[in-house]
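Engineer: The following file, start_17.pdb, comprises PDB, N, CA and C atoms:
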ATOM      1  N   MET A   1     106.265  59.577 139.378
ATOM      2  CA  MET A   1     104.848  59.838 139.462
ATOM      3  C   MET A   1     104.126  58.531 139.735
ATOM      4  N   LEU A   2     103.314  58.507 140.741
ATOM      5  CA  LEU A   2     102.520  57.331 141.060
ATOM      6  C   LEU A   2     101.207  57.434 140.310
ATOM      7  N   SER A   3     101.056  56.616 139.279
ATOM      8  CA  SER A   3      99.817  56.684 138.518
ATOM      9  C   SER A   3      99.125  55.333 138.442
ATOM     10  N   GLY A   4      99.738  54.330 138.957
ATOM     11  CA  GLY A   4      99.096  53.030 138.910
ATOM     12  C   GLY A   4      99.854  51.995 139.704
ATOM     13  N   LEU A   5      99.231  50.868 139.893
ATOM     14  CA  LEU A   5      99.843  49.792 140.664
ATOM     15  C   LEU A   5      99.457  48.469 140.030
ATOM     16  N   ARG A   6     100.427  47.627 139.858
ATOM     17  CA  ARG A   6     100.151  46.275 139.383
ATOM     18  C   ARG A   6     100.428  45.327 140.537
ATOM     19  N   LEU A   7      99.453  44.557 140.881
ATOM     20  CA  LEU A   7      99.580  43.591 141.956
ATOM     21  C   LEU A   7      99.819  42.230 141.325
ATOM     22  N   GLN A   8     101.041  41.715 141.488
ATOM     23  CA  GLN A   8     101.360  40.433 140.895
ATOM     24  C   GLN A   8     101.401  39.355 141.960
ATOM     25  N   ARG A   9     100.849  38.243 141.586
ATOM     26  CA  ARG A   9     100.866  37.092 142.473
ATOM     27  C   ARG A   9     101.010  35.850 141.605
ATOM     28  N   GLN A  10     102.033  35.125 141.841
ATOM     29  CA  GLN A  10     102.344  33.915 141.086
ATOM     30  C   GLN A  10     102.401  34.203 139.582
ATOM     31  N   GLY A  11     103.025  35.359 139.233
ATOM     32  CA  GLY A  11     103.240  35.687 137.836
ATOM     33  C   GLY A  11     102.042  36.257 137.100
ATOM     34  N   GLN A  12     100.909  36.401 137.750
ATOM     35  CA  GLN A  12      99.727  36.939 137.088
ATOM     36  C   GLN A  12      99.350  38.287 137.692
ATOM     37  N   VAL A  13      98.922  39.204 136.827
ATOM     38  CA  VAL A  13      98.451  40.497 137.300
ATOM     39  C   VAL A  13      97.017  40.309 137.770
ATOM     40  N   ASN A  14      96.783  40.563 139.043
ATOM     41  CA  ASN A  14      95.451  40.386 139.605
ATOM     42  C   ASN A  14      94.603  41.643 139.532
ATOM     43  N   GLU A  15      95.243  42.795 139.594
ATOM     44  CA  GLU A  15      94.494  44.040 139.609
ATOM     45  C   GLU A  15      95.396  45.172 139.160
ATOM     46  N   VAL A  16      94.851  46.064 138.388
ATOM     47  CA  VAL A  16      95.568  47.267 138.010
ATOM     48  C   VAL A  16      94.733  48.446 138.485
ATOM     49  N   VAL A  17      95.315  49.274 139.330
ATOM     50  CA  VAL A  17      94.620  50.436 139.865
ATOM     51  C   VAL A  17      95.264  51.662 139.244
ATOM     52  N   ASP A  18      94.485  52.456 138.541
ATOM     53  CA  ASP A  18      94.987  53.688 137.946
ATOM     54  C   ASP A  18      94.626  54.826 138.897
ATOM     55  N   TYR A  19      95.555  55.161 139.796
ATOM     56  CA  TYR A  19      95.290  56.185 140.797
ATOM     57  C   TYR A  19      95.041  57.555 140.172
ATOM     58  N   GLN A  20      95.786  57.857 139.101
ATOM     59  CA  GLN A  20      95.611  59.148 138.435
ATOM     60  C   GLN A  20      94.183  59.287 137.914
ATOM     61  N   LYS A  21      93.690  58.275 137.244
ATOM     62  CA  LYS A  21      92.329  58.308 136.695
ATOM     63  C   LYS A  21      91.289  58.380 137.808
ATOM     64  N   ALA A  22      91.462  57.579 138.841
ATOM     65  CA  ALA A  22      90.509  57.581 139.955
ATOM     66  C   ALA A  22      90.466  58.949 140.640
ATOM     67  N   TRP A  23      91.628  59.558 140.825
ATOM     68  CA  TRP A  23      91.693  60.881 141.466
ATOM     69  C   TRP A  23      91.013  61.924 140.595
ATOM     70  N   GLN A  24      91.278  61.862 139.274
ATOM     71  CA  GLN A  24      90.667  62.821 138.355
ATOM     72  C   GLN A  24      89.155  62.683 138.352
ATOM     73  N   GLU A  25      88.659  61.456 138.369
ATOM     74  CA  GLU A  25      87.213  61.239 138.393
ATOM     75  C   GLU A  25      86.589  61.773 139.681
ATOM     76  N   GLU A  26      87.278  61.575 140.793
ATOM     77  CA  GLU A  26      86.748  61.999 142.097
ATOM     78  C   GLU A  26      86.861  63.505 142.318
ATOM     79  N   TYR A  27      88.022  64.078 141.971
ATOM     80  CA  TYR A  27      88.292  65.473 142.335
ATOM     81  C   TYR A  27      88.418  66.422 141.139
ATOM     82  N   GLY A  28      88.416  65.894 139.915
ATOM     83  CA  GLY A  28      88.482  66.736 138.735
ATOM     84  C   GLY A  28      89.826  67.419 138.518
ATOM     85  N   GLN A  29      90.891  66.861 139.050
ATOM     86  CA  GLN A  29      92.228  67.436 138.885
ATOM     87  C   GLN A  29      93.268  66.332 138.930
ATOM     88  N   ASP A  30      94.499  66.663 138.550
ATOM     89  CA  ASP A  30      95.580  65.681 138.582
ATOM     90  C   ASP A  30      95.913  65.281 140.013
ATOM     91  N   LEU A  31      96.400  64.082 140.165
ATOM     92  CA  LEU A  31      96.829  63.558 141.457
ATOM     93  C   LEU A  31      97.995  64.377 141.980
ATOM     94  N   PRO A  32      97.903  64.911 143.202
ATOM     95  CA  PRO A  32      99.030  65.676 143.750
ATOM     96  C   PRO A  32     100.268  64.790 143.873
ATOM     97  N   GLN A  33     101.419  65.356 143.597
ATOM     98  CA  GLN A  33     102.656  64.592 143.667
ATOM     99  C   GLN A  33     103.360  64.754 145.011
ATOM    100  N   THR A  34     102.972  65.743 145.766
ATOM    101  CA  THR A  34     103.545  65.957 147.085
ATOM    102  C   THR A  34     102.559  66.740 147.934
ATOM    103  N   ALA A  35     102.603  66.518 149.196
ATOM    104  CA  ALA A  35     101.729  67.256 150.115
ATOM    105  C   ALA A  35     102.410  68.512 150.651
ATOM    106  N   LYS A  36     103.682  68.720 150.299
ATOM    107  CA  LYS A  36     104.436  69.832 150.870
ATOM    108  C   LYS A  36     103.741  71.188 150.710
ATOM    109  N   PRO A  37     103.226  71.553 149.531
ATOM    110  CA  PRO A  37     102.570  72.865 149.430
ATOM    111  C   PRO A  37     101.371  73.016 150.371
ATOM    112  N   GLU A  38     100.617  71.948 150.542
ATOM    113  CA  GLU A  38      99.467  72.004 151.442
ATOM    114  C   GLU A  38      99.908  72.121 152.899
ATOM    115  N   VAL A  39     100.947  71.399 153.248
ATOM    116  CA  VAL A  39     101.485  71.471 154.609
ATOM    117  C   VAL A  39     102.038  72.869 154.878
ATOM    118  N   GLU A  40     102.768  73.424 153.902
ATOM    119  CA  GLU A  40     103.313  74.774 154.067
ATOM    120  C   GLU A  40     102.206  75.808 154.232
ATOM    121  N   ARG A  41     101.140  75.667 153.470
ATOM    122  CA  ARG A  41     100.009  76.594 153.594
ATOM    123  C   ARG A  41      99.391  76.495 154.996
ATOM    124  N   TYR A  42      99.202  75.272 155.474
ATOM    125  CA  TYR A  42      98.639  75.048 156.808
ATOM    126  C   TYR A  42      99.552  75.632 157.888
ATOM    127  N   LEU A  43     100.846  75.364 157.774
ATOM    128  CA  LEU A  43     101.784  75.894 158.768
ATOM    129  C   LEU A  43     101.837  77.420 158.724
ATOM    130  N   GLY A  44     101.681  78.004 157.540
ATOM    131  CA  GLY A  44     101.642  79.451 157.410
ATOM    132  C   GLY A  44     100.462  80.061 158.142
ATOM    133  N   VAL A  45      99.323  79.388 158.059
ATOM    134  CA  VAL A  45      98.140  79.849 158.786
ATOM    135  C   VAL A  45      98.388  79.753 160.287
ATOM    136  N   LEU A  46      98.931  78.629 160.720
ATOM    137  CA  LEU A  46      99.240  78.485 162.148
ATOM    138  C   LEU A  46     100.233  79.540 162.615
ATOM    139  N   LEU A  47     101.209  79.850 161.788
ATOM    140  CA  LEU A  47     102.192  80.863 162.137
ATOM    141  C   LEU A  47     101.522  82.220 162.354
ATOM    142  N   GLN A  48     100.504  82.515 161.568
ATOM    143  CA  GLN A  48      99.803  83.787 161.699
ATOM    144  C   GLN A  48      98.886  83.836 162.918
ATOM    145  N   ILE A  49      98.159  82.745 163.152
ATOM    146  CA  ILE A  49      97.140  82.799 164.216
ATOM    147  C   ILE A  49      97.603  82.237 165.554
ATOM    148  N   ALA A  50      98.551  81.328 165.540
ATOM    149  CA  ALA A  50      99.028  80.717 166.784
ATOM    150  C   ALA A  50     100.489  80.300 166.619
ATOM    151  N   PRO A  51     101.405  81.264 166.518
ATOM    152  CA  PRO A  51     102.805  80.934 166.238
ATOM    153  C   PRO A  51     103.453  79.994 167.251
ATOM    154  N   ASP A  52     103.041  80.066 168.486
ATOM    155  CA  ASP A  52     103.628  79.168 169.493
ATOM    156  C   ASP A  52     103.294  77.703 169.230
ATOM    157  N   SER A  53     102.208  77.445 168.501
ATOM    158  CA  SER A  53     101.808  76.065 168.238
ATOM    159  C   SER A  53     102.799  75.331 167.335
ATOM    160  N   ILE A  54     103.604  76.097 166.574
ATOM    161  CA  ILE A  54     104.612  75.470 165.710
ATOM    162  C   ILE A  54     106.013  75.969 166.041
ATOM    163  N   GLY A  55     106.199  76.448 167.243
ATOM    164  CA  GLY A  55     107.518  76.881 167.685
ATOM    165  C   GLY A  55     107.934  78.249 167.176
ATOM    166  N   GLY A  56     106.974  79.032 166.673
ATOM    167  CA  GLY A  56     107.258  80.397 166.254
ATOM    168  C   GLY A  56     107.889  80.554 164.885
ATOM    169  N   ALA A  57     108.059  79.451 164.160
ATOM    170  CA  ALA A  57     108.663  79.524 162.827
ATOM    171  C   ALA A  57     108.206  78.333 161.993
ATOM    172  N   VAL A  58     108.224  78.537 160.680
ATOM    173  CA  VAL A  58     107.921  77.445 159.762
ATOM    174  C   VAL A  58     109.134  76.518 159.726
ATOM    175  N   PRO A  59     108.930  75.200 159.767
ATOM    176  CA  PRO A  59     110.063  74.265 159.757
ATOM    177  C   PRO A  59     110.922  74.370 158.500
ATOM    178  N   ASP A  60     112.184  73.995 158.630
ATOM    179  CA  ASP A  60     113.084  73.989 157.477
ATOM    180  C   ASP A  60     112.963  72.664 156.718
ATOM    181  N   ALA A  61     113.834  72.454 155.750
ATOM    182  CA  ALA A  61     113.775  71.276 154.876
ATOM    183  C   ALA A  61     113.883  69.957 155.636
ATOM    184  N   ARG A  62     114.550  69.954 156.777
ATOM    185  CA  ARG A  62     114.669  68.706 157.551
ATOM    186  C   ARG A  62     113.307  68.171 157.970
ATOM    187  N   PHE A  63     112.346  69.061 158.161
ATOM    188  CA  PHE A  63     111.001  68.643 158.522
ATOM    189  C   PHE A  63     110.393  67.784 157.421
ATOM    190  N   TYR A  64     110.620  68.160 156.173
ATOM    191  CA  TYR A  64     110.038  67.453 155.043
ATOM    192  C   TYR A  64     110.859  66.264 154.579
ATOM    193  N   TYR A  65     112.172  66.408 154.626
ATOM    194  CA  TYR A  65     113.024  65.393 154.015
ATOM    195  C   TYR A  65     113.881  64.616 155.004
ATOM    196  N   GLY A  66     113.837  64.980 156.267
ATOM    197  CA  GLY A  66     114.540  64.244 157.293
ATOM    198  C   GLY A  66     116.058  64.307 157.249
ATOM    199  N   PHE A  67     116.644  65.373 156.685
ATOM    200  CA  PHE A  67     118.108  65.477 156.688
ATOM    201  C   PHE A  67     118.548  65.953 158.032
TER     202      PHE A  67
END
What does the file become when written as structure tokens?

Structural biologist:
Amino acid sequence: MLSGLRLQRQGQVNEVVDYQKAWQEEYGQDLPQTAKPEVERYLGVLLQIAPDSIGGAVPDARFYYGF
């Protein structure tokens, strides 16, 4: 889970960014851990309205994970 970043330079922490907190403040929800569900939803819509735009099928796991 990516919830923060420590930027070190010459042994000193220069900045700590709490991405989880910033996301919650901005959007009122937890930081998404993957975009896959959103991509699948988008591709599903394309499959319904313009199937040729995505080759007539939703991509398999290789699309997401590069196997």

Engineer: One number please: atom CA of A:Val45 to atom CA of A:Gln24, in Å, one decimal.

Structural biologist: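 Computing the Euclidean distance for atom CA of A:Val45 and atom CA of A:Gln24 yields 27.6 Å.
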
Engineer: Atom CA of A:Pro37 to atom CA of A:Ile49: how many Å, to one decimal?

Structural biologist: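 The value is 18.6 Å.
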
Engineer: Given all atoms listed in the file as the basis, pick out the residue of A:Asp18, A:Val58, A:Tyr27, A:Tyr64 nearest to A:Leu43.

Structural biologist: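 Distance minimum relative to A:Leu43 lands on A:Val58.
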
Engineer: What is the distance, in Å and to one decimal place, between atom CA of A:Phe63 and atom CA of A:Lys36?

Structural biologist: 10.2 Å
